[in-house]
>>> print(open('query.pdb').read())   # PDB, N, CA, C and O atoms
ATOM      1  N   MET H1001     -10.001   7.314 178.023
ATOM      2  CA  MET H1001      -9.288   8.512 178.381
ATOM      3  C   MET H1001      -7.901   8.458 177.749
ATOM      4  O   MET H1001      -7.206   7.469 177.880
ATOM      5  N   PRO H1002      -7.495   9.543 177.062
ATOM      6  CA  PRO H1002      -6.165   9.536 176.436
ATOM      7  C   PRO H1002      -5.053   9.478 177.481
ATOM      8  O   PRO H1002      -5.207   9.929 178.608
ATOM      9  N   LYS H1003      -3.926   8.932 177.065
ATOM     10  CA  LYS H1003      -2.794   8.827 177.979
ATOM     11  C   LYS H1003      -2.223  10.193 178.335
ATOM     12  O   LYS H1003      -1.731  10.389 179.428
ATOM     13  N   ASN H1004      -2.280  11.150 177.417
ATOM     14  CA  ASN H1004      -1.681  12.459 177.659
ATOM     15  C   ASN H1004      -2.703  13.556 177.329
ATOM     16  O   ASN H1004      -2.707  14.087 176.220
ATOM     17  N   PRO H1005      -3.567  13.911 178.293
ATOM     18  CA  PRO H1005      -4.602  14.906 178.004
ATOM     19  C   PRO H1005      -4.020  16.297 177.718
ATOM     20  O   PRO H1005      -4.611  17.087 176.988
ATOM     21  N   ARG H1006      -2.835  16.592 178.269
ATOM     22  CA  ARG H1006      -2.218  17.901 178.008
ATOM     23  C   ARG H1006      -1.858  18.031 176.527
ATOM     24  O   ARG H1006      -2.052  19.071 175.922
ATOM     25  N   ARG H1007      -1.329  16.968 175.961
ATOM     26  CA  ARG H1007      -0.974  16.979 174.542
ATOM     27  C   ARG H1007      -2.219  17.124 173.683
ATOM     28  O   ARG H1007      -2.218  17.846 172.679
ATOM     29  N   LEU H1008      -3.296  16.480 174.063
ATOM     30  CA  LEU H1008      -4.556  16.588 173.336
ATOM     31  C   LEU H1008      -5.079  18.020 173.377
ATOM     32  O   LEU H1008      -5.485  18.581 172.353
ATOM     33  N   LEU H1009      -5.047  18.641 174.555
ATOM     34  CA  LEU H1009      -5.515  20.021 174.682
ATOM     35  C   LEU H1009      -4.640  20.984 173.879
ATOM     36  O   LEU H1009      -5.144  21.929 173.263
ATOM     37  N   CYS H1010      -3.345  20.756 173.879
ATOM     38  CA  CYS H1010      -2.446  21.596 173.071
ATOM     39  C   CYS H1010      -2.761  21.439 171.591
ATOM     40  O   CYS H1010      -2.757  22.413 170.832
ATOM     41  N   GLY H1011      -3.042  20.237 171.162
ATOM     42  CA  GLY H1011      -3.396  19.991 169.767
ATOM     43  C   GLY H1011      -4.696  20.675 169.385
ATOM     44  O   GLY H1011      -4.807  21.286 168.315
ATOM     45  N   ILE H1012      -5.676  20.606 170.261
ATOM     46  CA  ILE H1012      -6.959  21.272 169.997
ATOM     47  C   ILE H1012      -6.760  22.787 169.947
ATOM     48  O   ILE H1012      -7.305  23.470 169.089
ATOM     49  N   GLY H1013      -5.955  23.316 170.858
ATOM     50  CA  GLY H1013      -5.666  24.748 170.851
ATOM     51  C   GLY H1013      -4.973  25.176 169.574
ATOM     52  O   GLY H1013      -5.284  26.227 169.000
ATOM     53  N   LEU H1014      -4.043  24.369 169.092
ATOM     54  CA  LEU H1014      -3.340  24.678 167.856
ATOM     55  C   LEU H1014      -4.294  24.666 166.668
ATOM     56  O   LEU H1014      -4.260  25.573 165.828
ATOM     57  N   VAL H1015      -5.159  23.696 166.599
ATOM     58  CA  VAL H1015      -6.132  23.626 165.514
ATOM     59  C   VAL H1015      -7.062  24.842 165.554
ATOM     60  O   VAL H1015      -7.358  25.446 164.514
ATOM     61  N   CYS H1016      -7.503  25.235 166.736
ATOM     62  CA  CYS H1016      -8.381  26.408 166.858
ATOM     63  C   CYS H1016      -7.657  27.680 166.420
ATOM     64  O   CYS H1016      -8.227  28.522 165.726
ATOM     65  N   ALA H1017      -6.392  27.819 166.816
ATOM     66  CA  ALA H1017      -5.622  29.010 166.432
ATOM     67  C   ALA H1017      -5.427  29.056 164.925
ATOM     68  O   ALA H1017      -5.540  30.125 164.298
ATOM     69  N   LEU H1018      -5.129  27.931 164.306
ATOM     70  CA  LEU H1018      -4.960  27.885 162.852
ATOM     71  C   LEU H1018      -6.274  28.185 162.129
ATOM     72  O   LEU H1018      -6.290  28.880 161.110
ATOM     73  N   ALA H1019      -7.375  27.676 162.650
ATOM     74  CA  ALA H1019      -8.671  27.950 162.040
ATOM     75  C   ALA H1019      -9.019  29.425 162.138
ATOM     76  O   ALA H1019      -9.523  30.027 161.182
ATOM     77  N   LEU H1020      -8.737  30.033 163.273
ATOM     78  CA  LEU H1020      -8.995  31.458 163.450
ATOM     79  C   LEU H1020      -8.129  32.279 162.501
ATOM     80  O   LEU H1020      -8.594  33.234 161.883
ATOM     81  N   GLY H1021      -6.880  31.905 162.369
ATOM     82  CA  GLY H1021      -5.993  32.594 161.443
ATOM     83  C   GLY H1021      -6.449  32.457 160.000
ATOM     84  O   GLY H1021      -6.351  33.395 159.205
ATOM     85  N   ALA H1022      -6.957  31.304 159.636
ATOM     86  CA  ALA H1022      -7.428  31.082 158.267
ATOM     87  C   ALA H1022      -8.672  31.908 157.967
ATOM     88  O   ALA H1022      -8.841  32.392 156.844
ATOM     89  N   THR H1023      -9.527  32.112 158.939
ATOM     90  CA  THR H1023     -10.727  32.916 158.691
ATOM     91  C   THR H1023     -10.378  34.383 158.516
ATOM     92  O   THR H1023     -11.092  35.114 157.845
ATOM     93  N   ALA H1024      -9.271  34.832 159.086
ATOM     94  CA  ALA H1024      -8.858  36.222 158.933
ATOM     95  C   ALA H1024      -8.346  36.496 157.525
ATOM     96  O   ALA H1024      -8.268  37.644 157.100
ATOM     97  N   CYS H1025      -8.008  35.456 156.786
ATOM     98  CA  CYS H1025      -7.479  35.614 155.426
ATOM     99  C   CYS H1025      -8.579  35.781 154.391
ATOM    100  O   CYS H1025      -8.297  36.055 153.232
ATOM    101  N   GLY H1026      -9.814  35.602 154.773
ATOM    102  CA  GLY H1026     -10.922  35.688 153.826
ATOM    103  C   GLY H1026     -11.180  37.107 153.380
ATOM    104  O   GLY H1026     -10.870  38.074 154.056
ATOM    105  N   GLY H1027     -11.747  37.243 152.206
ATOM    106  CA  GLY H1027     -12.089  38.556 151.672
ATOM    107  C   GLY H1027     -13.591  38.765 151.722
ATOM    108  O   GLY H1027     -14.349  37.935 152.198
ATOM    109  N   SER H1028     -14.011  39.896 151.204
ATOM    110  CA  SER H1028     -15.434  40.171 151.163
ATOM    111  C   SER H1028     -15.936  39.999 149.739
ATOM    112  O   SER H1028     -15.170  39.984 148.781
ATOM    113  N   ASP H1029     -17.239  39.891 149.592
ATOM    114  CA  ASP H1029     -17.843  39.768 148.274
ATOM    115  C   ASP H1029     -17.987  41.117 147.602
ATOM    116  O   ASP H1029     -18.290  41.197 146.420
ATOM    117  N   ASP H1030     -17.777  42.197 148.347
ATOM    118  CA  ASP H1030     -17.932  43.547 147.825
ATOM    119  C   ASP H1030     -16.692  43.923 147.029
ATOM    120  O   ASP H1030     -15.579  43.866 147.514
ATOM    121  N   ASP H1031     -16.885  44.335 145.781
ATOM    122  CA  ASP H1031     -15.737  44.705 144.958
ATOM    123  C   ASP H1031     -15.365  46.172 145.104
ATOM    124  O   ASP H1031     -14.439  46.647 144.461
ATOM    125  N   GLY H1032     -16.093  46.911 145.933
ATOM    126  CA  GLY H1032     -15.767  48.303 146.193
ATOM    127  C   GLY H1032     -16.377  49.269 145.199
ATOM    128  O   GLY H1032     -16.210  50.473 145.329
ATOM    129  N   SER H1033     -17.073  48.779 144.188
ATOM    130  CA  SER H1033     -17.625  49.671 143.169
ATOM    131  C   SER H1033     -18.812  50.476 143.678
ATOM    132  O   SER H1033     -19.170  51.477 143.083
ATOM    133  N   ALA H1034     -19.405  50.043 144.791
ATOM    134  CA  ALA H1034     -20.572  50.747 145.318
ATOM    135  C   ALA H1034     -20.176  51.968 146.149
ATOM    136  O   ALA H1034     -21.034  52.726 146.553
ATOM    137  N   GLN H1035     -18.897  52.158 146.393
ATOM    138  CA  GLN H1035     -18.464  53.289 147.210
ATOM    139  C   GLN H1035     -18.572  54.573 146.412
ATOM    140  O   GLN H1035     -18.196  54.631 145.239
ATOM    141  N   LYS H1036     -19.070  55.596 147.071
ATOM    142  CA  LYS H1036     -19.254  56.888 146.431
ATOM    143  C   LYS H1036     -18.032  57.753 146.686
ATOM    144  O   LYS H1036     -17.510  57.799 147.788
ATOM    145  N   LYS H1037     -17.586  58.444 145.660
ATOM    146  CA  LYS H1037     -16.473  59.369 145.810
ATOM    147  C   LYS H1037     -16.960  60.597 146.566
ATOM    148  O   LYS H1037     -18.018  61.141 146.272
ATOM    149  N   VAL H1038     -16.193  61.039 147.557
ATOM    150  CA  VAL H1038     -16.566  62.177 148.384
ATOM    151  C   VAL H1038     -15.580  63.300 148.128
ATOM    152  O   VAL H1038     -14.370  63.108 148.196
ATOM    153  N   GLY H1039     -16.124  64.471 147.841
ATOM    154  CA  GLY H1039     -15.281  65.631 147.597
ATOM    155  C   GLY H1039     -15.431  66.662 148.692
ATOM    156  O   GLY H1039     -16.183  66.496 149.659
ATOM    157  N   ALA H1040     -14.715  67.765 148.532
ATOM    158  CA  ALA H1040     -14.729  68.835 149.533
ATOM    159  C   ALA H1040     -16.117  69.449 149.669
ATOM    160  O   ALA H1040     -16.544  69.805 150.771
ATOM    161  N   THR H1041     -16.864  69.560 148.563
ATOM    162  CA  THR H1041     -18.211  70.137 148.647
ATOM    163  C   THR H1041     -19.152  69.238 149.430
ATOM    164  O   THR H1041     -20.013  69.726 150.172
ATOM    165  N   ASP H1042     -18.973  67.925 149.300
ATOM    166  CA  ASP H1042     -19.790  66.984 150.070
ATOM    167  C   ASP H1042     -19.500  67.113 151.566
ATOM    168  O   ASP H1042     -20.405  67.061 152.397
ATOM    169  N   ILE H1043     -18.237  67.274 151.899
ATOM    170  CA  ILE H1043     -17.850  67.411 153.305
ATOM    171  C   ILE H1043     -18.408  68.704 153.884
ATOM    172  O   ILE H1043     -18.953  68.720 154.994
ATOM    173  N   GLU H1044     -18.301  69.789 153.150
ATOM    174  CA  GLU H1044     -18.840  71.073 153.615
ATOM    175  C   GLU H1044     -20.352  70.994 153.807
ATOM    176  O   GLU H1044     -20.894  71.517 154.784
ATOM    177  N   ALA H1045     -21.050  70.329 152.887
ATOM    178  CA  ALA H1045     -22.499  70.181 153.006
ATOM    179  C   ALA H1045     -22.868  69.369 154.241
ATOM    180  O   ALA H1045     -23.821  69.693 154.958
ATOM    181  N   ALA H1046     -22.105  68.324 154.516
ATOM    182  CA  ALA H1046     -22.370  67.495 155.696
ATOM    183  C   ALA H1046     -22.119  68.275 156.978
ATOM    184  O   ALA H1046     -22.860  68.136 157.958
ATOM    185  N   LEU H1047     -21.076  69.095 156.987
ATOM    186  CA  LEU H1047     -20.796  69.902 158.177
ATOM    187  C   LEU H1047     -21.887  70.934 158.418
ATOM    188  O   LEU H1047     -22.253  71.198 159.567
ATOM    189  N   LYS H1048     -22.424  71.515 157.355
ATOM    190  CA  LYS H1048     -23.504  72.491 157.507
ATOM    191  C   LYS H1048     -24.787  71.819 157.976
ATOM    192  O   LYS H1048     -25.552  72.385 158.744
ATOM    193  N   LYS H1049     -25.015  70.599 157.492
ATOM    194  CA  LYS H1049     -26.227  69.866 157.877
ATOM    195  C   LYS H1049     -26.201  69.531 159.367
ATOM    196  O   LYS H1049     -27.213  69.573 160.041
ATOM    197  N   GLY H1050     -25.027  69.195 159.875
ATOM    198  CA  GLY H1050     -24.903  68.864 161.297
ATOM    199  C   GLY H1050     -25.308  67.435 161.585
ATOM    200  O   GLY H1050     -25.544  66.639 160.689
ATOM    201  N   GLY H1051     -25.377  67.123 162.843
ATOM    202  CA  GLY H1051     -25.730  65.771 163.258
ATOM    203  C   GLY H1051     -25.425  65.585 164.725
ATOM    204  O   GLY H1051     -25.135  66.542 165.448
ATOM    205  N   THR H1052     -25.481  64.359 165.163
ATOM    206  CA  THR H1052     -25.195  64.061 166.561
ATOM    207  C   THR H1052     -24.153  62.952 166.646
ATOM    208  O   THR H1052     -24.057  62.107 165.759
ATOM    209  N   VAL H1053     -23.388  62.994 167.715
ATOM    210  CA  VAL H1053     -22.422  61.954 168.012
ATOM    211  C   VAL H1053     -22.755  61.427 169.395
ATOM    212  O   VAL H1053     -22.877  62.196 170.346
ATOM    213  N   THR H1054     -22.919  60.127 169.516
ATOM    214  CA  THR H1054     -23.226  59.507 170.798
ATOM    215  C   THR H1054     -21.977  58.819 171.325
ATOM    216  O   THR H1054     -21.388  58.003 170.639
ATOM    217  N   VAL H1055     -21.577  59.175 172.531
ATOM    218  CA  VAL H1055     -20.388  58.620 173.151
ATOM    219  C   VAL H1055     -20.731  58.235 174.579
ATOM    220  O   VAL H1055     -21.496  58.930 175.235
ATOM    221  N   TRP H1056     -20.166  57.137 175.051
ATOM    222  CA  TRP H1056     -20.351  56.772 176.454
ATOM    223  C   TRP H1056     -19.020  56.289 177.012
ATOM    224  O   TRP H1056     -18.168  55.808 176.288
ATOM    225  N   ALA H1057     -18.858  56.431 178.295
ATOM    226  CA  ALA H1057     -17.665  55.942 178.972
ATOM    227  C   ALA H1057     -17.951  55.839 180.461
ATOM    228  O   ALA H1057     -18.915  56.407 180.965
ATOM    229  N   TRP H1058     -17.103  55.129 181.159
ATOM    230  CA  TRP H1058     -17.285  54.959 182.594
ATOM    231  C   TRP H1058     -16.323  55.833 183.382
ATOM    232  O   TRP H1058     -16.353  55.846 184.590
ATOM    233  N   GLU H1059     -15.473  56.576 182.702
ATOM    234  CA  GLU H1059     -14.503  57.395 183.398
ATOM    235  C   GLU H1059     -14.927  58.868 183.370
ATOM    236  O   GLU H1059     -15.604  59.305 182.453
ATOM    237  N   PRO H1060     -14.538  59.668 184.342
ATOM    238  CA  PRO H1060     -15.050  61.030 184.474
ATOM    239  C   PRO H1060     -14.441  62.045 183.505
ATOM    240  O   PRO H1060     -14.963  63.144 183.358
ATOM    241  N   THR H1061     -13.363  61.738 182.800
ATOM    242  CA  THR H1061     -12.738  62.730 181.930
ATOM    243  C   THR H1061     -13.487  62.912 180.618
ATOM    244  O   THR H1061     -13.153  63.805 179.839
ATOM    245  N   LEU H1062     -14.487  62.112 180.355
ATOM    246  CA  LEU H1062     -15.229  62.219 179.101
ATOM    247  C   LEU H1062     -15.956  63.554 178.998
ATOM    248  O   LEU H1062     -16.039  64.134 177.918
ATOM    249  N   LYS H1063     -16.455  64.073 180.100
ATOM    250  CA  LYS H1063     -17.157  65.360 180.055
ATOM    251  C   LYS H1063     -16.240  66.466 179.569
ATOM    252  O   LYS H1063     -16.621  67.295 178.741
ATOM    253  N   GLN H1064     -15.008  66.487 180.047
ATOM    254  CA  GLN H1064     -14.049  67.505 179.614
ATOM    255  C   GLN H1064     -13.666  67.284 178.153
ATOM    256  O   GLN H1064     -13.546  68.245 177.388
ATOM    257  N   ALA H1065     -13.492  66.040 177.751
ATOM    258  CA  ALA H1065     -13.152  65.751 176.354
ATOM    259  C   ALA H1065     -14.290  66.179 175.434
ATOM    260  O   ALA H1065     -14.051  66.741 174.354
ATOM    261  N   ALA H1066     -15.526  65.945 175.833
ATOM    262  CA  ALA H1066     -16.678  66.369 175.028
ATOM    263  C   ALA H1066     -16.752  67.886 174.947
ATOM    264  O   ALA H1066     -17.026  68.446 173.883
ATOM    265  N   ALA H1067     -16.499  68.553 176.041
ATOM    266  CA  ALA H1067     -16.514  70.016 176.038
ATOM    267  C   ALA H1067     -15.426  70.572 175.117
ATOM    268  O   ALA H1067     -15.662  71.518 174.359
ATOM    269  N   ASP H1068     -14.245  69.986 175.150
ATOM    270  CA  ASP H1068     -13.161  70.418 174.269
ATOM    271  C   ASP H1068     -13.505  70.165 172.806
ATOM    272  O   ASP H1068     -13.215  70.989 171.943
ATOM    273  N   PHE H1069     -14.128  69.014 172.524
ATOM    274  CA  PHE H1069     -14.532  68.693 171.156
ATOM    275  C   PHE H1069     -15.573  69.696 170.657
ATOM    276  O   PHE H1069     -15.462  70.209 169.534
ATOM    277  N   GLU H1070     -16.566  69.991 171.490
ATOM    278  CA  GLU H1070     -17.603  70.931 171.090
ATOM    279  C   GLU H1070     -17.027  72.333 170.892
ATOM    280  O   GLU H1070     -17.459  73.075 170.006
ATOM    281  N   LYS H1071     -16.053  72.693 171.699
ATOM    282  CA  LYS H1071     -15.413  74.010 171.567
ATOM    283  C   LYS H1071     -14.669  74.101 170.239
ATOM    284  O   LYS H1071     -14.732  75.129 169.562
ATOM    285  N   LYS H1072     -13.976  73.038 169.873
ATOM    286  CA  LYS H1072     -13.185  73.044 168.635
ATOM    287  C   LYS H1072     -14.071  72.956 167.396
ATOM    288  O   LYS H1072     -13.816  73.600 166.378
ATOM    289  N   TYR H1073     -15.133  72.146 167.463
ATOM    290  CA  TYR H1073     -15.966  71.933 166.279
ATOM    291  C   TYR H1073     -17.328  72.574 166.420
ATOM    292  O   TYR H1073     -18.205  72.384 165.667
TER     293      TYR H1073
END
>>> encode(input="query.pdb", output="structure tokens")
Amino acid sequence: MPKNPRRLLCGIGLVCALALGATACGGSDDDGSAQKKVGATDIEAALKKGGTVTVWAWEPTLKQAAADFEKKY
């Protein structure tokens, strides 16, 4: 058993925090060339096509927010 377990735990916590920070610095393998340019005609076509949006919440104001969204759009 180590003489100072608090110091050991602090050291482990520091190593974990540094490792987490280092993983956030990583990039992706995607160079972005696969992204399609979207113009105003594409947006208009998508709006005409329509679709569905699924939303859930545990609070009661969502019904009013959904009604306001549907009224506006």
>>> atom_distance(input="query.pdb", atom1="atom C of Lys1048 of chain H", atom2="atom CA of Glu1070 of chain H")
15.0 Å
>>> select_by_dssp(input="query.pdb", residues="chain H", states="alpha helix (DSSP H)", output="mmCIF file with N, CA, C and O atoms, in the frame of the given file")
data_model
loop_
_atom_site.group_PDB
_atom_site.id
_atom_site.type_symbol
_atom_site.label_atom_id
_atom_site.label_comp_id
_atom_site.auth_asym_id
_atom_site.auth_seq_id
_atom_site.Cartn_x
_atom_site.Cartn_y
_atom_site.Cartn_z
ATOM 1 N N PRO H 1005 -3.567 13.911 178.293
ATOM 2 C CA PRO H 1005 -4.602 14.906 178.004
ATOM 3 C C PRO H 1005 -4.020 16.297 177.718
ATOM 4 O O PRO H 1005 -4.611 17.087 176.988
ATOM 5 N N ARG H 1006 -2.835 16.592 178.269
ATOM 6 C CA ARG H 1006 -2.218 17.901 178.008
ATOM 7 C C ARG H 1006 -1.858 18.031 176.527
ATOM 8 O O ARG H 1006 -2.052 19.071 175.922
ATOM 9 N N ARG H 1007 -1.329 16.968 175.961
ATOM 10 C CA ARG H 1007 -0.974 16.979 174.542
ATOM 11 C C ARG H 1007 -2.219 17.124 173.683
ATOM 12 O O ARG H 1007 -2.218 17.846 172.679
ATOM 13 N N LEU H 1008 -3.296 16.480 174.063
ATOM 14 C CA LEU H 1008 -4.556 16.588 173.336
ATOM 15 C C LEU H 1008 -5.079 18.020 173.377
ATOM 16 O O LEU H 1008 -5.485 18.581 172.353
ATOM 17 N N LEU H 1009 -5.047 18.641 174.555
ATOM 18 C CA LEU H 1009 -5.515 20.021 174.682
ATOM 19 C C LEU H 1009 -4.640 20.984 173.879
ATOM 20 O O LEU H 1009 -5.144 21.929 173.263
ATOM 21 N N CYS H 1010 -3.345 20.756 173.879
ATOM 22 C CA CYS H 1010 -2.446 21.596 173.071
ATOM 23 C C CYS H 1010 -2.761 21.439 171.591
ATOM 24 O O CYS H 1010 -2.757 22.413 170.832
ATOM 25 N N GLY H 1011 -3.042 20.237 171.162
ATOM 26 C CA GLY H 1011 -3.396 19.991 169.767
ATOM 27 C C GLY H 1011 -4.696 20.675 169.385
ATOM 28 O O GLY H 1011 -4.807 21.286 168.315
ATOM 29 N N ILE H 1012 -5.676 20.606 170.261
ATOM 30 C CA ILE H 1012 -6.959 21.272 169.997
ATOM 31 C C ILE H 1012 -6.760 22.787 169.947
ATOM 32 O O ILE H 1012 -7.305 23.470 169.089
ATOM 33 N N GLY H 1013 -5.955 23.316 170.858
ATOM 34 C CA GLY H 1013 -5.666 24.748 170.851
ATOM 35 C C GLY H 1013 -4.973 25.176 169.574
ATOM 36 O O GLY H 1013 -5.284 26.227 169.000
ATOM 37 N N LEU H 1014 -4.043 24.369 169.092
ATOM 38 C CA LEU H 1014 -3.340 24.678 167.856
ATOM 39 C C LEU H 1014 -4.294 24.666 166.668
ATOM 40 O O LEU H 1014 -4.260 25.573 165.828
ATOM 41 N N VAL H 1015 -5.159 23.696 166.599
ATOM 42 C CA VAL H 1015 -6.132 23.626 165.514
ATOM 43 C C VAL H 1015 -7.062 24.842 165.554
ATOM 44 O O VAL H 1015 -7.358 25.446 164.514
ATOM 45 N N CYS H 1016 -7.503 25.235 166.736
ATOM 46 C CA CYS H 1016 -8.381 26.408 166.858
ATOM 47 C C CYS H 1016 -7.657 27.680 166.420
ATOM 48 O O CYS H 1016 -8.227 28.522 165.726
ATOM 49 N N ALA H 1017 -6.392 27.819 166.816
ATOM 50 C CA ALA H 1017 -5.622 29.010 166.432
ATOM 51 C C ALA H 1017 -5.427 29.056 164.925
ATOM 52 O O ALA H 1017 -5.540 30.125 164.298
ATOM 53 N N LEU H 1018 -5.129 27.931 164.306
ATOM 54 C CA LEU H 1018 -4.960 27.885 162.852
ATOM 55 C C LEU H 1018 -6.274 28.185 162.129
ATOM 56 O O LEU H 1018 -6.290 28.880 161.110
ATOM 57 N N ALA H 1019 -7.375 27.676 162.650
ATOM 58 C CA ALA H 1019 -8.671 27.950 162.040
ATOM 59 C C ALA H 1019 -9.019 29.425 162.138
ATOM 60 O O ALA H 1019 -9.523 30.027 161.182
ATOM 61 N N LEU H 1020 -8.737 30.033 163.273
ATOM 62 C CA LEU H 1020 -8.995 31.458 163.450
ATOM 63 C C LEU H 1020 -8.129 32.279 162.501
ATOM 64 O O LEU H 1020 -8.594 33.234 161.883
ATOM 65 N N GLY H 1021 -6.880 31.905 162.369
ATOM 66 C CA GLY H 1021 -5.993 32.594 161.443
ATOM 67 C C GLY H 1021 -6.449 32.457 160.000
ATOM 68 O O GLY H 1021 -6.351 33.395 159.205
ATOM 69 N N ALA H 1022 -6.957 31.304 159.636
ATOM 70 C CA ALA H 1022 -7.428 31.082 158.267
ATOM 71 C C ALA H 1022 -8.672 31.908 157.967
ATOM 72 O O ALA H 1022 -8.841 32.392 156.844
ATOM 73 N N THR H 1023 -9.527 32.112 158.939
ATOM 74 C CA THR H 1023 -10.727 32.916 158.691
ATOM 75 C C THR H 1023 -10.378 34.383 158.516
ATOM 76 O O THR H 1023 -11.092 35.114 157.845
ATOM 77 N N ALA H 1024 -9.271 34.832 159.086
ATOM 78 C CA ALA H 1024 -8.858 36.222 158.933
ATOM 79 C C ALA H 1024 -8.346 36.496 157.525
ATOM 80 O O ALA H 1024 -8.268 37.644 157.100
ATOM 81 N N ALA H 1040 -14.715 67.765 148.532
ATOM 82 C CA ALA H 1040 -14.729 68.835 149.533
ATOM 83 C C ALA H 1040 -16.117 69.449 149.669
ATOM 84 O O ALA H 1040 -16.544 69.805 150.771
ATOM 85 N N THR H 1041 -16.864 69.560 148.563
ATOM 86 C CA THR H 1041 -18.211 70.137 148.647
ATOM 87 C C THR H 1041 -19.152 69.238 149.430
ATOM 88 O O THR H 1041 -20.013 69.726 150.172
ATOM 89 N N ASP H 1042 -18.973 67.925 149.300
ATOM 90 C CA ASP H 1042 -19.790 66.984 150.070
ATOM 91 C C ASP H 1042 -19.500 67.113 151.566
ATOM 92 O O ASP H 1042 -20.405 67.061 152.397
ATOM 93 N N ILE H 1043 -18.237 67.274 151.899
ATOM 94 C CA ILE H 1043 -17.850 67.411 153.305
ATOM 95 C C ILE H 1043 -18.408 68.704 153.884
ATOM 96 O O ILE H 1043 -18.953 68.720 154.994
ATOM 97 N N GLU H 1044 -18.301 69.789 153.150
ATOM 98 C CA GLU H 1044 -18.840 71.073 153.615
ATOM 99 C C GLU H 1044 -20.352 70.994 153.807
ATOM 100 O O GLU H 1044 -20.894 71.517 154.784
ATOM 101 N N ALA H 1045 -21.050 70.329 152.887
ATOM 102 C CA ALA H 1045 -22.499 70.181 153.006
ATOM 103 C C ALA H 1045 -22.868 69.369 154.241
ATOM 104 O O ALA H 1045 -23.821 69.693 154.958
ATOM 105 N N ALA H 1046 -22.105 68.324 154.516
ATOM 106 C CA ALA H 1046 -22.370 67.495 155.696
ATOM 107 C C ALA H 1046 -22.119 68.275 156.978
ATOM 108 O O ALA H 1046 -22.860 68.136 157.958
ATOM 109 N N LEU H 1047 -21.076 69.095 156.987
ATOM 110 C CA LEU H 1047 -20.796 69.902 158.177
ATOM 111 C C LEU H 1047 -21.887 70.934 158.418
ATOM 112 O O LEU H 1047 -22.253 71.198 159.567
ATOM 113 N N LYS H 1048 -22.424 71.515 157.355
ATOM 114 C CA LYS H 1048 -23.504 72.491 157.507
ATOM 115 C C LYS H 1048 -24.787 71.819 157.976
ATOM 116 O O LYS H 1048 -25.552 72.385 158.744
ATOM 117 N N LYS H 1049 -25.015 70.599 157.492
ATOM 118 C CA LYS H 1049 -26.227 69.866 157.877
ATOM 119 C C LYS H 1049 -26.201 69.531 159.367
ATOM 120 O O LYS H 1049 -27.213 69.573 160.041
ATOM 121 N N LEU H 1062 -14.487 62.112 180.355
ATOM 122 C CA LEU H 1062 -15.229 62.219 179.101
ATOM 123 C C LEU H 1062 -15.956 63.554 178.998
ATOM 124 O O LEU H 1062 -16.039 64.134 177.918
ATOM 125 N N LYS H 1063 -16.455 64.073 180.100
ATOM 126 C CA LYS H 1063 -17.157 65.360 180.055
ATOM 127 C C LYS H 1063 -16.240 66.466 179.569
ATOM 128 O O LYS H 1063 -16.621 67.295 178.741
ATOM 129 N N GLN H 1064 -15.008 66.487 180.047
ATOM 130 C CA GLN H 1064 -14.049 67.505 179.614
ATOM 131 C C GLN H 1064 -13.666 67.284 178.153
ATOM 132 O O GLN H 1064 -13.546 68.245 177.388
ATOM 133 N N ALA H 1065 -13.492 66.040 177.751
ATOM 134 C CA ALA H 1065 -13.152 65.751 176.354
ATOM 135 C C ALA H 1065 -14.290 66.179 175.434
ATOM 136 O O ALA H 1065 -14.051 66.741 174.354
ATOM 137 N N ALA H 1066 -15.526 65.945 175.833
ATOM 138 C CA ALA H 1066 -16.678 66.369 175.028
ATOM 139 C C ALA H 1066 -16.752 67.886 174.947
ATOM 140 O O ALA H 1066 -17.026 68.446 173.883
ATOM 141 N N ALA H 1067 -16.499 68.553 176.041
ATOM 142 C CA ALA H 1067 -16.514 70.016 176.038
ATOM 143 C C ALA H 1067 -15.426 70.572 175.117
ATOM 144 O O ALA H 1067 -15.662 71.518 174.359
ATOM 145 N N ASP H 1068 -14.245 69.986 175.150
ATOM 146 C CA ASP H 1068 -13.161 70.418 174.269
ATOM 147 C C ASP H 1068 -13.505 70.165 172.806
ATOM 148 O O ASP H 1068 -13.215 70.989 171.943
ATOM 149 N N PHE H 1069 -14.128 69.014 172.524
ATOM 150 C CA PHE H 1069 -14.532 68.693 171.156
ATOM 151 C C PHE H 1069 -15.573 69.696 170.657
ATOM 152 O O PHE H 1069 -15.462 70.209 169.534
ATOM 153 N N GLU H 1070 -16.566 69.991 171.490
ATOM 154 C CA GLU H 1070 -17.603 70.931 171.090
ATOM 155 C C GLU H 1070 -17.027 72.333 170.892
ATOM 156 O O GLU H 1070 -17.459 73.075 170.006
ATOM 157 N N LYS H 1071 -16.053 72.693 171.699
ATOM 158 C CA LYS H 1071 -15.413 74.010 171.567
ATOM 159 C C LYS H 1071 -14.669 74.101 170.239
ATOM 160 O O LYS H 1071 -14.732 75.129 169.562
ATOM 161 N N LYS H 1072 -13.976 73.038 169.873
ATOM 162 C CA LYS H 1072 -13.185 73.044 168.635
ATOM 163 C C LYS H 1072 -14.071 72.956 167.396
ATOM 164 O O LYS H 1072 -13.816 73.600 166.378
#
>>> atom_distance(input="query.pdb", atom1="atom N of Val1053 of chain H", atom2="atom O of Phe1069 of chain H")
10.9 Å
>>> atom_distance(input="query.pdb", atom1="atom C of Thr1054 of chain H", atom2="atom N of Ala1066 of chain H")
10.6 Å
